[in-house]
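Peer 1: One file is attached below, start_29.txt, containing compact mmCIF, C-alpha atoms and all ligand atoms.
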# COMPACT_ATOMS: atom_id res chain seq x y z
CA MET A 1 67.59 121.71 123.33
CA GLY A 2 71.19 122.92 123.71
CA ASN A 3 73.86 122.95 121.03
CA TRP A 4 76.31 120.67 122.83
CA GLU A 5 76.57 118.47 119.74
CA ASP A 6 78.47 121.26 118.00
CA ASN A 7 81.33 120.68 120.43
CA ILE A 8 81.57 116.96 119.98
CA ARG A 9 84.44 115.38 118.08
CA LYS A 10 82.58 113.33 115.51
CA VAL A 11 84.37 110.51 113.75
CA THR A 12 83.56 107.52 111.58
CA PRO A 13 85.28 104.65 113.37
CA TYR A 14 87.40 101.86 111.95
CA VAL A 15 85.42 98.63 111.49
CA PRO A 16 87.38 95.53 112.53
CA GLY A 17 86.76 92.14 110.88
CA GLU A 18 83.91 90.11 112.29
CA GLN A 19 84.56 87.89 115.34
CA PRO A 20 81.72 85.37 114.97
CA LYS A 21 80.39 83.64 118.08
CA LYS A 22 79.55 80.43 116.22
CA GLU A 23 81.59 77.29 116.78
CA ASN A 24 83.22 75.04 114.20
CA ILE A 25 83.79 77.82 111.76
CA ILE A 26 86.90 78.41 109.68
CA LYS A 27 88.10 81.87 110.44
CA LEU A 28 90.22 83.35 107.67
CA ASN A 29 89.03 86.95 107.95
CA THR A 30 91.34 88.83 110.35
CA ASN A 31 94.84 87.46 109.63
CA GLU A 32 95.14 85.76 113.00
CA ASN A 33 97.66 82.96 113.41
CA PRO A 34 96.06 79.49 113.31
CA TYR A 35 98.63 78.06 115.75
CA PRO A 36 98.59 78.52 119.54
CA PRO A 37 100.94 80.89 121.36
CA ALA A 38 104.36 79.54 122.41
CA PRO A 39 104.26 76.80 125.10
CA GLY A 40 106.04 79.15 127.52
CA VAL A 41 103.15 81.60 127.25
CA VAL A 42 100.63 78.90 128.10
CA ARG A 43 102.75 77.74 131.05
CA ALA A 44 103.33 81.26 132.39
CA LEU A 45 99.63 82.04 132.20
CA LYS A 46 98.80 78.95 134.30
CA GLU A 47 101.49 79.82 136.84
CA MET A 48 100.74 83.53 136.94
CA ASP A 49 100.90 85.04 140.45
CA THR A 50 97.51 86.73 140.58
CA ASP A 51 98.48 88.64 143.73
CA LEU A 52 100.51 90.85 141.38
CA LEU A 53 97.24 92.11 139.94
CA ARG A 54 96.64 94.18 143.11
CA ARG A 55 99.49 96.40 142.06
CA TYR A 56 99.90 98.78 139.16
CA PRO A 57 102.11 97.29 136.49
CA ASP A 58 105.53 98.76 135.65
CA PRO A 59 104.56 101.78 133.49
CA SER A 60 107.71 101.36 131.39
CA ALA A 61 107.04 97.62 130.87
CA ALA A 62 110.81 97.23 131.19
CA LEU A 63 110.83 93.41 131.16
CA LEU A 64 109.07 93.33 127.80
CA VAL A 65 110.99 96.28 126.35
CA ASP A 66 114.28 94.59 127.31
CA ALA A 67 113.24 91.25 125.80
CA ILE A 68 112.26 92.90 122.49
CA ALA A 69 115.43 95.02 122.42
CA GLU A 70 117.58 91.95 123.01
CA ASN A 71 115.76 90.01 120.32
CA TYR A 72 116.64 92.66 117.71
CA GLY A 73 120.06 93.67 119.05
CA LEU A 74 118.82 97.17 119.95
CA LYS A 75 119.03 99.32 123.08
CA PRO A 76 115.94 99.31 125.34
CA GLY A 77 115.65 103.05 124.62
CA GLN A 78 114.90 102.19 121.00
CA VAL A 79 111.76 100.20 121.82
CA PHE A 80 108.26 101.51 122.58
CA VAL A 81 105.54 99.03 123.56
CA GLY A 82 101.77 99.38 123.55
CA VAL A 83 98.38 97.70 123.36
CA GLY A 84 98.75 96.17 119.91
CA SER A 85 100.26 97.97 116.98
CA ASP A 86 97.01 99.91 116.62
CA ASP A 87 97.85 101.59 119.91
CA VAL A 88 101.52 102.27 119.10
CA LEU A 89 100.66 103.51 115.60
CA ALA A 90 98.04 105.90 117.00
CA MET A 91 100.64 107.19 119.47
CA ALA A 92 103.16 107.55 116.63
CA PHE A 93 100.62 109.54 114.56
CA LEU A 94 99.93 111.78 117.56
CA THR A 95 103.62 112.36 118.25
CA CYS A 96 105.12 112.53 114.78
CA PHE A 97 102.49 113.98 112.45
CA ASN A 98 102.12 117.60 113.51
CA SER A 99 102.73 119.42 110.25
CA ASP A 100 100.31 121.51 108.21
CA LYS A 101 101.48 119.55 105.19
CA PRO A 102 99.60 116.34 104.42
CA ILE A 103 100.92 112.97 105.47
CA LEU A 104 101.04 110.39 102.67
CA PHE A 105 99.83 106.81 102.52
CA PRO A 106 98.55 104.50 99.76
CA ASP A 107 94.92 104.55 98.60
CA ILE A 108 94.63 100.80 99.13
CA THR A 109 96.11 100.04 102.52
CA TYR A 110 95.37 99.45 106.19
CA SER A 111 92.08 101.24 106.65
CA PHE A 112 92.95 102.57 110.10
CA TYR A 113 95.37 105.23 108.77
CA ASP A 114 92.73 107.62 107.49
CA VAL A 115 90.66 107.05 110.65
CA TRP A 116 93.54 108.18 112.90
CA ALA A 117 94.32 111.07 110.58
CA LYS A 118 90.72 112.29 110.80
CA LEU A 119 90.51 111.69 114.55
CA LEU A 120 93.72 113.63 115.19
CA ARG A 121 92.95 116.22 112.49
CA ILE A 122 96.08 115.45 110.50
CA PRO A 123 95.82 116.49 106.84
CA TYR A 124 96.50 113.58 104.50
CA GLU A 125 96.79 112.70 100.86
CA VAL A 126 96.34 109.20 99.49
CA ILE A 127 98.78 108.03 96.84
CA PRO A 128 97.19 105.55 94.42
CA LEU A 129 98.82 102.15 93.97
CA ASP A 130 99.48 101.39 90.30
CA LYS A 131 97.07 99.29 88.22
CA ASP A 132 98.58 96.05 89.56
CA PHE A 133 98.11 97.30 93.13
CA ARG A 134 101.81 97.97 93.56
CA LEU A 135 103.20 100.79 95.65
CA VAL A 136 105.35 103.11 93.51
CA SER A 137 108.14 104.44 95.73
CA SER A 138 108.94 107.42 93.49
CA ASP A 139 105.42 108.76 94.18
CA TYR A 140 106.54 109.47 97.74
CA LYS A 141 108.98 112.17 96.69
CA ARG A 142 106.81 115.21 97.22
CA GLU A 143 106.20 117.72 99.97
CA ASN A 144 104.60 116.04 102.95
CA GLY A 145 104.22 116.06 106.73
CA GLY A 146 105.12 112.39 107.16
CA ILE A 147 104.65 108.99 105.54
CA VAL A 148 103.14 105.70 106.65
CA PHE A 149 102.79 102.47 104.71
CA PRO A 150 102.70 98.78 105.56
CA ASN A 151 105.40 96.47 104.25
CA PRO A 152 104.12 94.01 103.12
CA ASN A 153 101.10 96.12 102.24
CA ALA A 154 97.64 95.09 103.40
CA PRO A 155 95.32 93.90 101.96
CA THR A 156 97.42 93.30 98.84
CA GLY A 157 100.31 91.40 100.47
CA GLU A 158 102.88 93.10 98.25
CA LEU A 159 106.40 93.24 99.72
CA LYS A 160 108.69 96.15 98.86
CA PRO A 161 112.37 95.23 98.66
CA LEU A 162 114.55 96.99 101.20
CA ASP A 163 116.27 99.26 98.67
CA GLU A 164 112.91 100.77 97.68
CA VAL A 165 111.93 101.23 101.31
CA GLU A 166 115.26 102.97 101.86
CA GLU A 167 114.62 105.19 98.83
CA ILE A 168 111.44 106.51 100.50
CA ILE A 169 113.14 107.10 103.86
CA LYS A 170 116.18 108.70 102.25
CA SER A 171 114.20 111.19 100.20
CA ASN A 172 112.15 112.29 103.23
CA ARG A 173 114.75 113.09 105.91
CA ASP A 174 112.73 116.03 107.31
CA VAL A 175 109.70 113.94 108.28
CA ILE A 176 109.07 110.67 110.07
CA VAL A 177 108.51 107.63 107.85
CA ILE A 178 106.58 104.86 109.61
CA VAL A 179 106.99 101.40 108.10
CA ASP A 180 104.19 99.20 109.45
CA GLU A 181 105.71 95.71 109.49
CA ALA A 182 102.70 93.81 110.85
CA TYR A 183 103.40 91.01 108.33
CA ILE A 184 107.17 91.23 107.89
CA ASP A 185 107.82 87.89 109.65
CA PHE A 186 106.24 85.90 106.82
CA GLY A 187 109.22 86.08 104.49
CA GLY A 188 109.98 89.79 104.12
CA GLU A 189 113.12 91.73 104.92
CA SER A 190 112.66 94.17 107.80
CA ALA A 191 113.83 97.79 107.64
CA LEU A 192 115.59 97.17 110.97
CA PRO A 193 119.17 97.50 109.57
CA LEU A 194 118.23 100.97 108.24
CA LEU A 195 117.74 102.30 111.78
CA LYS A 196 121.50 102.80 112.01
CA SER A 197 121.54 105.20 109.07
CA TYR A 198 118.20 107.01 109.28
CA ASP A 199 116.92 108.80 112.37
CA ASN A 200 113.58 109.55 110.66
CA LEU A 201 112.62 105.87 110.41
CA LEU A 202 110.07 104.32 112.75
CA ILE A 203 109.15 100.63 112.47
CA ALA A 204 105.90 99.20 113.86
CA GLN A 205 105.47 95.49 114.57
CA THR A 206 102.94 93.35 116.43
CA PHE A 207 102.50 90.11 118.38
CA SER A 208 99.06 89.66 116.79
CA LYS A 209 100.05 87.88 113.61
CA SER A 210 103.38 86.05 113.65
CA ARG A 211 103.33 85.43 117.41
CA SER A 212 99.74 84.15 117.71
CA MET A 213 98.74 86.67 120.37
CA ALA A 214 96.11 88.97 118.86
CA GLY A 215 94.02 88.52 122.02
CA MET A 216 96.82 89.69 124.32
CA ARG A 217 97.22 93.05 122.51
CA ILE A 218 100.95 93.74 122.22
CA GLY A 219 102.59 95.93 119.60
CA TYR A 220 105.85 97.88 119.48
CA LEU A 221 107.81 100.55 117.71
CA LEU A 222 111.51 100.45 116.91
CA GLY A 223 113.34 103.71 116.28
CA ASN A 224 116.16 105.93 117.45
CA GLU A 225 116.31 106.79 121.15
CA LYS A 226 115.43 110.46 120.76
CA LEU A 227 112.30 109.71 118.76
CA ILE A 228 111.21 106.90 121.10
CA LYS A 229 111.62 109.30 124.04
CA PHE A 230 109.27 111.81 122.35
CA ILE A 231 106.70 109.05 121.83
CA ASN A 232 107.01 107.97 125.46
CA ASP A 233 106.47 111.58 126.57
CA CYS A 234 103.16 111.60 124.67
CA LYS A 235 102.18 108.22 126.05
CA TYR A 236 102.83 109.33 129.66
CA SER A 237 100.70 112.39 128.93
CA PHE A 238 97.82 110.19 127.90
CA ASN A 239 97.84 106.89 129.81
CA SER A 240 100.85 105.67 131.81
CA TYR A 241 99.71 102.09 132.28
CA THR A 242 99.01 100.81 128.81
CA MET A 243 100.63 97.41 129.34
CA ASN A 244 98.99 95.18 131.92
CA GLN A 245 100.98 92.78 134.08
CA THR A 246 99.75 89.70 132.20
CA ALA A 247 100.65 91.12 128.80
CA ILE A 248 104.16 92.03 129.99
CA VAL A 249 104.86 88.51 131.31
CA MET A 250 103.28 86.69 128.34
CA GLY A 251 105.02 88.94 125.86
CA VAL A 252 108.43 88.10 127.32
CA GLU A 253 107.68 84.38 127.04
CA ALA A 254 106.63 84.74 123.40
CA VAL A 255 109.82 86.61 122.44
CA LYS A 256 112.05 84.12 124.30
CA ASP A 257 110.90 81.10 122.30
CA ARG A 258 112.61 81.82 119.00
CA GLU A 259 112.42 78.24 117.79
CA TYR A 260 108.66 77.99 118.17
CA PHE A 261 108.20 81.35 116.45
CA LEU A 262 110.32 80.24 113.50
CA SER A 263 108.52 76.90 113.16
CA CYS A 264 105.05 78.51 113.12
CA ARG A 265 105.97 81.07 110.51
CA GLU A 266 107.62 78.35 108.41
CA LYS A 267 104.39 76.32 108.46
CA ILE A 268 102.34 79.35 107.42
CA MET A 269 104.71 80.23 104.57
CA ASP A 270 104.64 76.60 103.32
CA THR A 271 100.84 76.55 103.42
CA ARG A 272 100.74 79.91 101.63
CA GLU A 273 102.93 78.73 98.77
CA TRP A 274 100.82 75.58 98.37
CA ALA A 275 97.60 77.64 98.58
CA LYS A 276 98.86 79.92 95.78
CA LYS A 277 99.00 76.90 93.46
CA GLU A 278 95.55 75.71 94.50
CA PHE A 279 94.01 79.14 93.88
CA LEU A 280 95.67 79.32 90.46
CA ASN A 281 94.31 75.87 89.56
CA LEU A 282 90.83 77.11 90.43
CA GLY A 283 91.15 80.11 88.13
CA PHE A 284 91.78 82.77 90.78
CA SER A 285 94.35 85.48 90.28
CA PHE A 286 96.27 87.52 92.87
CA GLY A 287 99.39 89.61 93.30
CA ASP A 288 102.29 87.82 94.91
CA SER A 289 101.88 87.91 98.68
CA MET A 290 104.64 87.70 101.27
CA SER A 291 102.21 87.92 104.18
CA ASN A 292 99.86 85.49 105.90
CA PHE A 293 97.00 86.24 103.52
CA LEU A 294 96.20 86.28 99.80
CA PHE A 295 94.18 88.94 98.02
CA VAL A 296 92.31 87.02 95.34
CA THR A 297 89.83 87.63 92.56
CA HIS A 298 88.06 85.35 90.08
CA PRO A 299 86.83 86.37 86.63
CA SER A 300 83.52 84.47 86.95
CA TYR A 301 82.58 85.21 90.55
CA ASP A 302 81.15 88.23 92.22
CA ALA A 303 83.36 88.61 95.30
CA GLU A 304 80.60 89.79 97.58
CA GLU A 305 78.38 86.86 96.60
CA LEU A 306 81.21 84.39 97.13
CA PHE A 307 81.97 86.03 100.46
CA GLU A 308 78.38 85.49 101.56
CA ASP A 309 78.21 81.91 100.26
CA LEU A 310 81.44 81.11 102.08
CA ARG A 311 80.06 82.62 105.26
CA ASP A 312 76.91 80.53 104.96
CA ALA A 313 79.20 77.51 104.77
CA GLY A 314 80.99 78.63 107.96
CA ILE A 315 84.09 79.94 106.21
CA TYR A 316 84.84 83.58 107.06
CA VAL A 317 87.02 85.68 104.76
CA ARG A 318 87.25 89.47 104.34
CA HIS A 319 85.56 91.57 101.69
CA PHE A 320 86.15 95.32 101.40
CA LYS A 321 83.48 97.34 99.64
CA LYS A 322 85.78 100.32 99.23
CA PRO A 323 87.62 101.57 97.29
CA GLU A 324 85.73 100.59 94.16
CA ARG A 325 88.67 98.93 92.42
CA ILE A 326 89.08 96.23 95.08
CA LYS A 327 85.37 95.45 95.24
CA ASN A 328 85.78 92.15 93.44
CA TYR A 329 88.59 90.88 95.69
CA LEU A 330 88.62 88.79 98.82
CA ARG A 331 91.36 88.80 101.42
CA ILE A 332 91.87 85.28 102.68
CA THR A 333 94.07 84.54 105.70
CA ILE A 334 96.35 81.51 105.53
CA GLY A 335 95.00 79.03 108.09
CA THR A 336 96.22 75.53 108.85
CA ARG A 337 96.63 73.12 105.95
CA GLU A 338 93.37 71.39 107.05
CA GLU A 339 91.42 74.64 107.13
CA MET A 340 92.70 75.59 103.70
CA GLU A 341 91.77 72.14 102.37
CA ARG A 342 88.21 72.69 103.56
CA LEU A 343 88.19 76.06 101.81
CA PHE A 344 89.41 74.50 98.56
CA ASP A 345 86.86 71.65 98.85
CA PHE A 346 84.17 74.30 98.99
CA LEU A 347 85.62 76.25 96.07
CA LYS A 348 85.95 73.14 93.89
CA GLN A 349 82.25 72.39 94.37
CA TYR A 350 81.37 76.04 93.94
CA LYS A 351 83.06 76.02 90.58
CA ASN A 352 80.96 73.09 89.44
CA LYS A 353 77.80 74.86 90.52
CA GLN A 354 78.35 77.94 88.34
C1 LIG A 401 96.79 93.72 112.00
C2 LIG A 401 97.43 95.00 111.60
C3 LIG A 401 97.79 95.97 112.53
C4 LIG A 401 97.36 95.97 113.96
O1 LIG A 401 97.55 94.88 114.67
P1 LIG A 401 97.38 94.86 116.24
O2 LIG A 401 96.53 93.67 116.49
O3 LIG A 401 96.74 96.13 116.70
O4 LIG A 401 98.76 94.72 116.73
C5 LIG A 401 98.49 97.07 112.10
N1 LIG A 401 98.79 97.25 110.82
C6 LIG A 401 98.44 96.38 109.88
C7 LIG A 401 98.79 96.63 108.47
C8 LIG A 401 97.73 95.22 110.25
O5 LIG A 401 97.32 94.38 109.32
As a first step, turn the structure in this file into structure tokens.
Ligand SMILES: *Cc1c(COP(=O)(O)O)cnc(C)c1O
Peer 2:
Amino acid sequence: MGNWEDNIRKVTPYVPGEQPKKENIIKLNTNENPYPPAPGVVRALKEMDTDLLRRYPDPSAALLVDAIAENYGLKPGQVFVGVGSDDVLAMAFLTCFNSDKPILFPDITYSFYDVWAKLLRIPYEVIPLDKDFRLVSSDYKRENGGIVFPNPNAPTGELKPLDEVEEIIKSNRDVIVIVDEAYIDFGGESALPLLKSYDNLLIAQTFSKSRSMAGMRIGYLLGNEKLIKFINDCKYSFNSYTMNQTAIVMGVEAVKDREYFLSCREKIMDTREWAKKEFLNLGFSFGDSMSNFLFVTHPSYDAEELFEDLRDAGIYVRHFKKPERIKNYLRITIGTREEMERLFDFLKQYKNKQ
């Protein structure tokens, strides 16, 4: 037997939330949007000219880049698009994190960051959240090769006010600071206005959550033109055609319908605020969330057991076994009001059973 295994890049992959095949379930485990994509998306998909599929798509995805740039009042050169924010974040790691110094991110956060760091052999250091699972911005004032954190954070839902985000960017002018704004549309304030003042800021956003298009796979980065050009250079050195023709067309339709976008996110925020009260009434506790999920715990329940009992009842939520200090928490996506009512019906009964 040869030693070829010695030359293999071995990694422990990221594990996405379950996508159950069963019907009639309530799916609150991957922070998807419970509402359909904008009507224009549905229409454009039906009317799609399939003859276009013979051709390669536009490698620069200019139609989509222009639509996103216009939506945020930026230049097209400040927008980078990719196959979900997972794709654009991976490309940002590859392009921006090339120091021997460790990059920094929180200990409790999006669990893809350490996977990319290991895959790309980027040294990293995790910065613990405080005892209430809050990110302490002053902890990010130390030597580093770059910084990445979600705002709001996941799975805690905590939103950092803009002045604290700015503090982190300002005290790290020699490295790139990536603010992952996957959940910013659910009531948070984006770092977008800071792009004018800080050329080391890179913002990542996605169509997967607030625009109901997780299945289409569209994500984007916003930054200064020079930085976006460097990221494009890496992308064109890896795979020119990341965005398929369908995604480009559907993405434009989703961005165009501002009114629909605003009404969906309004509904989700209303349901979230109501759900907070319901959880409190049932004895759950949680940090304040400004995202489309709540990170809850209950003094009398074992989270893993509750997770399994919910799943047996057809209600899927997310449980993370690691790190240890979040073991007794469940991350629950905000669904429709009806879905949440079914969840609370279950929990009310569950309480009586204990
Ligand atoms: C969902 C999520 C992403 C990735 O979303 P895509 O579907 O790849 O766009 C990135 N970061 C965080 C924090 C997320 O929760």
Peer 1: How big is the axis-aligned box, and where does its centre sit, when it encloses all atoms of segment 327-344 of chain A listed in the file and has 3 Å added on every side, reported in Å to one decimal as lines of an AutoDock Vina configuration file?
Peer 2:
center_x = 91.0
center_y = 83.4
center_z = 101.1
size_x = 17.3
size_y = 30.1
size_z = 21.4
Peer 1: Once you count only C-alpha atoms and all ligand atoms, what closest atom pair and distance in Å to one decimal does each residue of chain A within 9 Å of ligand LIG 401 (chain A) have, with rows by chain and rising residue number, as JSON lines?
Peer 2:
{"residue": "A:Thr30", "atom": "CA", "partner": "A:LIG401", "partner_atom": "C1", "distance": 7.5}
{"residue": "A:Asn31", "atom": "CA", "partner": "A:LIG401", "partner_atom": "C1", "distance": 7.0}
{"residue": "A:Glu32", "atom": "CA", "partner": "A:LIG401", "partner_atom": "C1", "distance": 8.2}
{"residue": "A:Gly82", "atom": "CA", "partner": "A:LIG401", "partner_atom": "O4", "distance": 8.8}
{"residue": "A:Val83", "atom": "CA", "partner": "A:LIG401", "partner_atom": "O3", "distance": 7.0}
{"residue": "A:Gly84", "atom": "CA", "partner": "A:LIG401", "partner_atom": "O4", "distance": 3.5}
{"residue": "A:Ser85", "atom": "CA", "partner": "A:LIG401", "partner_atom": "O4", "distance": 3.6}
{"residue": "A:Asp86", "atom": "CA", "partner": "A:LIG401", "partner_atom": "O3", "distance": 3.8}
{"residue": "A:Asp87", "atom": "CA", "partner": "A:LIG401", "partner_atom": "O3", "distance": 6.4}
{"residue": "A:Val88", "atom": "CA", "partner": "A:LIG401", "partner_atom": "O3", "distance": 8.1}
{"residue": "A:Leu89", "atom": "CA", "partner": "A:LIG401", "partner_atom": "C5", "distance": 7.6}
{"residue": "A:Thr109", "atom": "CA", "partner": "A:LIG401", "partner_atom": "C7", "distance": 7.4}
{"residue": "A:Tyr110", "atom": "CA", "partner": "A:LIG401", "partner_atom": "C7", "distance": 5.0}
{"residue": "A:Ser111", "atom": "CA", "partner": "A:LIG401", "partner_atom": "C7", "distance": 8.3}
{"residue": "A:Phe112", "atom": "CA", "partner": "A:LIG401", "partner_atom": "N1", "distance": 7.9}
{"residue": "A:Tyr113", "atom": "CA", "partner": "A:LIG401", "partner_atom": "N1", "distance": 8.9}
{"residue": "A:Phe149", "atom": "CA", "partner": "A:LIG401", "partner_atom": "C7", "distance": 8.0}
{"residue": "A:Pro150", "atom": "CA", "partner": "A:LIG401", "partner_atom": "C7", "distance": 5.3}
{"residue": "A:Asn151", "atom": "CA", "partner": "A:LIG401", "partner_atom": "C7", "distance": 7.8}
{"residue": "A:Pro152", "atom": "CA", "partner": "A:LIG401", "partner_atom": "C7", "distance": 8.0}
{"residue": "A:Asn153", "atom": "CA", "partner": "A:LIG401", "partner_atom": "C7", "distance": 6.7}
{"residue": "A:Ala154", "atom": "CA", "partner": "A:LIG401", "partner_atom": "C7", "distance": 5.4}
{"residue": "A:Pro155", "atom": "CA", "partner": "A:LIG401", "partner_atom": "O5", "distance": 7.6}
{"residue": "A:Asp180", "atom": "CA", "partner": "A:LIG401", "partner_atom": "N1", "distance": 5.9}
{"residue": "A:Glu181", "atom": "CA", "partner": "A:LIG401", "partner_atom": "C7", "distance": 7.1}
{"residue": "A:Ala182", "atom": "CA", "partner": "A:LIG401", "partner_atom": "C6", "distance": 5.1}
{"residue": "A:Tyr183", "atom": "CA", "partner": "A:LIG401", "partner_atom": "O5", "distance": 7.0}
{"residue": "A:Ala204", "atom": "CA", "partner": "A:LIG401", "partner_atom": "C5", "distance": 7.9}
{"residue": "A:Gln205", "atom": "CA", "partner": "A:LIG401", "partner_atom": "O4", "distance": 7.1}
{"residue": "A:Thr206", "atom": "CA", "partner": "A:LIG401", "partner_atom": "O4", "distance": 4.4}
{"residue": "A:Phe207", "atom": "CA", "partner": "A:LIG401", "partner_atom": "O4", "distance": 6.2}
{"residue": "A:Ser208", "atom": "CA", "partner": "A:LIG401", "partner_atom": "O2", "distance": 4.8}
{"residue": "A:Lys209", "atom": "CA", "partner": "A:LIG401", "partner_atom": "C1", "distance": 6.9}
{"residue": "A:Met213", "atom": "CA", "partner": "A:LIG401", "partner_atom": "O2", "distance": 8.3}
{"residue": "A:Ala214", "atom": "CA", "partner": "A:LIG401", "partner_atom": "O2", "distance": 5.3}
{"residue": "A:Gly215", "atom": "CA", "partner": "A:LIG401", "partner_atom": "O2", "distance": 8.0}
{"residue": "A:Met216", "atom": "CA", "partner": "A:LIG401", "partner_atom": "O2", "distance": 8.8}
{"residue": "A:Arg217", "atom": "CA", "partner": "A:LIG401", "partner_atom": "O2", "distance": 6.1}
{"residue": "A:Ile218", "atom": "CA", "partner": "A:LIG401", "partner_atom": "O4", "distance": 6.0}
{"residue": "A:Gly219", "atom": "CA", "partner": "A:LIG401", "partner_atom": "O4", "distance": 4.9}
{"residue": "A:Tyr220", "atom": "CA", "partner": "A:LIG401", "partner_atom": "O4", "distance": 8.2}
Peer 1: Counting only C-alpha atoms, which of A:Glu167, A:Glu324, A:Asp58, A:Asp107 gets nearest to Ala247 of chain A?
Peer 2: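 Using only C-alpha atoms, the shortest distance to Ala247 of chain A belongs to A:Asp58.
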Peer 1: Near segment 298-313 of chain A, within 9 Å and counting all atoms listed in the file, which residues show up once chain neighbours fewer than 4 positions away are dropped, as a VMD selection string?
Peer 2: chain A and resid 25 282 to 286 317 to 321 327 to 330 343 346 to 347 350 354
Peer 1: Given the point (103.8, 107.8, 98.5) in the file's coordinates, find the residues that have an atom at most 6 Å from it, counting only C-alpha atoms, and give them as a list in words.
Peer 2: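 Nearby residues: Leu104, Phe105, Ile127, Asp139 and Tyr140 of chain A.
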Peer 1: Which distance in Å separates atom CA of Tyr124 of chain A and atom CA of Lys170 of chain A, to one decimal?
Peer 2: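 Interatomic distance here is 20.4 Å.
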Peer 1: Which neighbours of segment 268-276 of chain A fall inside 7 Å, counting only C-alpha atoms, when residues of the same chain fewer than 4 positions from it are skipped, and could you give them as a PyMOL selection string?
Peer 2: chain A and resi 186+264+280+292+334+337
Peer 1: So the first atom is atom CA of Ser289 of chain A and the second is atom CA of Glu158 of chain A; what is the distance between them in Å, to one decimal place?
Peer 2: 5.3 Å
Peer 1: Nearest to Asn33 of chain A: which of A:Arg265, A:Arg342, A:Lys226, A:Arg258 is it, counting only C-alpha atoms?
Peer 2: A:Arg265
Peer 1: Find, counting all atoms listed in the file, the residue in A:Arg211, A:Thr95, A:Gln19, A:Asn29 that gets nearest to Glu253 of chain A.
Peer 2: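 Among the listed residues, A:Arg211 lies closest to Glu253 of chain A.
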Peer 1: Could you tell me, as a PyMOL selection string, which residues have any atom at most 12 Å from (106.5, 105.8, 111.1), counting all atoms listed in the file?
Peer 2: chain A and resi 85+88-97+103-105+113+145-151+168-169+172+175-181+191+195+198-205+220-224+227-228+231
Peer 1: I'd like to know which of A:Gln349, A:Leu294, A:Tyr236, A:Leu192 is closest to Asn71 of chain A, using only C-alpha atoms.
Peer 2: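 Between A:Gln349, A:Leu294, A:Tyr236, A:Leu192, the residue approaching Asn71 of chain A most closely is A:Leu192.
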Peer 1: How many Å separate atom CA of Pro20 of chain A from atom CA of Ile248 of chain A?
Peer 2: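 Separation between atom CA of Pro20 of chain A and atom CA of Ile248 of chain A: 27.8 Å.
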Peer 1: Quick one: everything within 9 Å of Tyr56 of chain A, counting only C-alpha atoms, minus sequence neighbours fewer than 3 positions away in the same chain. Send it as a PyMOL selection string.
Peer 2: chain A and resi 52-53+59+241+244-245
